[in-house]
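**Student:** One structure coming up, written as structure tokens, with questions to follow.
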Amino acid sequence: MGTGATHTSPAFHDAYHPYLDMVWAYRVAVRGELKDRTFSPASFGWDAWDGRERCPVCREELTAGA
């Protein structure tokens with residue numbers, strides 16, 4: 001088993017949100033190319049593709065900074 005960064009580590013977290021944003025942008029682009037029904041973050045009740053609003057690490061940082 002790998003011993004890389006844990007899902008709550010700064011190394012993972014700093015790379016995760018930009019990656020997630022790009023994955024969703026890719027999915028939307030592919031659906032557009034295939035002339036499939038497009039969707040947006042609002043389709044899922046989200047504000048953005050990057051997942052920050054659903055991230056426990058981001059929520060913890062917001063709470064600590066308040």
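Starting from 1 in every chain, residues are counted up; chains themselves are A, B, ... following the order of the structure tokens, and ligands are numbered from 1 as listed.
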Step one, run DSSP on the backbone; step two, keep only residues of chain A assigned to helix (DSSP H, G or I); then write them as a ChimeraX atom specification.
**Tutor:** /A:10-33,41-44,52-54,56-65
**Student:** Go ahead and save the residues from that selection, with N, CA and C atoms, as a short mmCIF file (atom, residue, chain, number, x, y, z; two decimals), in the first residue's frame.
**Tutor:**
```cif
data_model
loop_
_atom_site.label_atom_id
_atom_site.label_comp_id
_atom_site.auth_asym_id
_atom_site.auth_seq_id
_atom_site.Cartn_x
_atom_site.Cartn_y
_atom_site.Cartn_z
N PRO A 10 -2.16 18.83 3.93
CA PRO A 10 -2.07 20.01 3.06
C PRO A 10 -1.63 19.68 1.64
N ALA A 11 -0.73 18.73 1.46
CA ALA A 11 -0.24 18.38 0.12
C ALA A 11 -1.38 17.84 -0.74
N PHE A 12 -2.19 16.97 -0.18
CA PHE A 12 -3.33 16.43 -0.93
C PHE A 12 -4.37 17.52 -1.15
N HIS A 13 -4.71 18.21 -0.11
CA HIS A 13 -5.77 19.22 -0.16
C HIS A 13 -5.46 20.32 -1.16
N ASP A 14 -4.24 20.80 -1.21
CA ASP A 14 -3.87 21.88 -2.12
C ASP A 14 -3.99 21.46 -3.59
N ALA A 15 -3.81 20.19 -3.87
CA ALA A 15 -3.91 19.70 -5.25
C ALA A 15 -5.33 19.23 -5.59
N TYR A 16 -6.10 18.85 -4.59
CA TYR A 16 -7.40 18.23 -4.82
C TYR A 16 -8.40 19.15 -5.49
N HIS A 17 -8.61 20.33 -4.97
CA HIS A 17 -9.65 21.21 -5.51
C HIS A 17 -9.39 21.65 -6.95
N PRO A 18 -8.17 22.06 -7.31
CA PRO A 18 -7.94 22.37 -8.73
C PRO A 18 -8.14 21.14 -9.62
N TYR A 19 -7.73 19.97 -9.16
CA TYR A 19 -7.92 18.74 -9.91
C TYR A 19 -9.40 18.46 -10.11
N LEU A 20 -10.19 18.53 -9.04
CA LEU A 20 -11.62 18.27 -9.12
C LEU A 20 -12.29 19.25 -10.07
N ASP A 21 -11.90 20.49 -10.02
CA ASP A 21 -12.45 21.51 -10.91
C ASP A 21 -12.19 21.14 -12.37
N MET A 22 -10.99 20.69 -12.68
CA MET A 22 -10.64 20.31 -14.05
C MET A 22 -11.36 19.05 -14.50
N VAL A 23 -11.53 18.08 -13.61
CA VAL A 23 -12.26 16.86 -13.96
C VAL A 23 -13.68 17.20 -14.36
N TRP A 24 -14.35 18.05 -13.60
CA TRP A 24 -15.72 18.43 -13.94
C TRP A 24 -15.77 19.25 -15.22
N ALA A 25 -14.81 20.13 -15.43
CA ALA A 25 -14.77 20.91 -16.67
C ALA A 25 -14.62 19.96 -17.87
N TYR A 26 -13.79 18.94 -17.72
CA TYR A 26 -13.61 17.94 -18.78
C TYR A 26 -14.93 17.21 -19.05
N ARG A 27 -15.61 16.79 -18.01
CA ARG A 27 -16.88 16.07 -18.19
C ARG A 27 -17.90 16.93 -18.93
N VAL A 28 -17.97 18.20 -18.57
CA VAL A 28 -18.91 19.11 -19.23
C VAL A 28 -18.53 19.27 -20.70
N ALA A 29 -17.23 19.41 -20.99
CA ALA A 29 -16.77 19.57 -22.37
C ALA A 29 -17.08 18.33 -23.21
N VAL A 30 -16.85 17.14 -22.66
CA VAL A 30 -17.14 15.91 -23.38
C VAL A 30 -18.63 15.80 -23.67
N ARG A 31 -19.44 16.10 -22.69
CA ARG A 31 -20.89 16.03 -22.91
C ARG A 31 -21.30 17.01 -24.02
N GLY A 32 -20.68 18.19 -24.04
CA GLY A 32 -20.96 19.17 -25.09
C GLY A 32 -20.57 18.64 -26.46
N GLU A 33 -19.41 18.01 -26.56
CA GLU A 33 -18.95 17.43 -27.82
C GLU A 33 -19.88 16.33 -28.30
N PRO A 41 -22.75 23.14 -11.89
CA PRO A 41 -22.70 22.80 -10.47
C PRO A 41 -24.09 22.92 -9.81
N ALA A 42 -24.87 23.89 -10.25
CA ALA A 42 -26.21 24.07 -9.67
C ALA A 42 -27.09 22.84 -9.89
N SER A 43 -26.81 22.05 -10.93
CA SER A 43 -27.57 20.82 -11.18
C SER A 43 -27.48 19.87 -9.99
N PHE A 44 -26.40 19.99 -9.24
CA PHE A 44 -26.16 19.13 -8.08
C PHE A 44 -26.39 19.86 -6.76
N ARG A 52 -15.06 22.87 -2.80
CA ARG A 52 -14.65 23.51 -1.54
C ARG A 52 -15.79 23.63 -0.54
N GLU A 53 -17.00 23.87 -1.02
CA GLU A 53 -18.13 24.04 -0.11
C GLU A 53 -18.51 22.73 0.59
N ARG A 54 -18.10 21.59 0.01
CA ARG A 54 -18.42 20.28 0.59
C ARG A 54 -17.23 19.66 1.30
N PRO A 56 -14.60 18.93 4.13
CA PRO A 56 -14.47 19.08 5.58
C PRO A 56 -13.22 19.86 5.99
N VAL A 57 -12.15 19.75 5.22
CA VAL A 57 -10.93 20.50 5.53
C VAL A 57 -11.16 22.00 5.35
N CYS A 58 -11.81 22.38 4.26
CA CYS A 58 -12.12 23.80 4.02
C CYS A 58 -13.07 24.33 5.08
N ARG A 59 -14.07 23.54 5.43
CA ARG A 59 -15.01 23.98 6.48
C ARG A 59 -14.29 24.19 7.79
N GLU A 60 -13.37 23.29 8.10
CA GLU A 60 -12.59 23.41 9.35
C GLU A 60 -11.74 24.68 9.32
N GLU A 61 -11.12 24.97 8.18
CA GLU A 61 -10.31 26.17 8.06
C GLU A 61 -11.16 27.42 8.22
N LEU A 62 -12.37 27.42 7.64
CA LEU A 62 -13.27 28.57 7.78
C LEU A 62 -13.69 28.77 9.22
N THR A 63 -13.99 27.67 9.90
CA THR A 63 -14.40 27.74 11.30
C THR A 63 -13.25 28.25 12.17
N ALA A 64 -12.04 27.77 11.92
CA ALA A 64 -10.88 28.19 12.71
C ALA A 64 -10.56 29.66 12.48
N GLY A 65 -10.82 30.16 11.28
CA GLY A 65 -10.52 31.55 10.95
C GLY A 65 -11.58 32.52 11.41
#
```
**Student:** Distance atom CA of Cys55 of chain A-atom CA of Thr6 of chain A, one decimal place?
**Tutor:**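 Distance between the two atoms: 14.2 Å.
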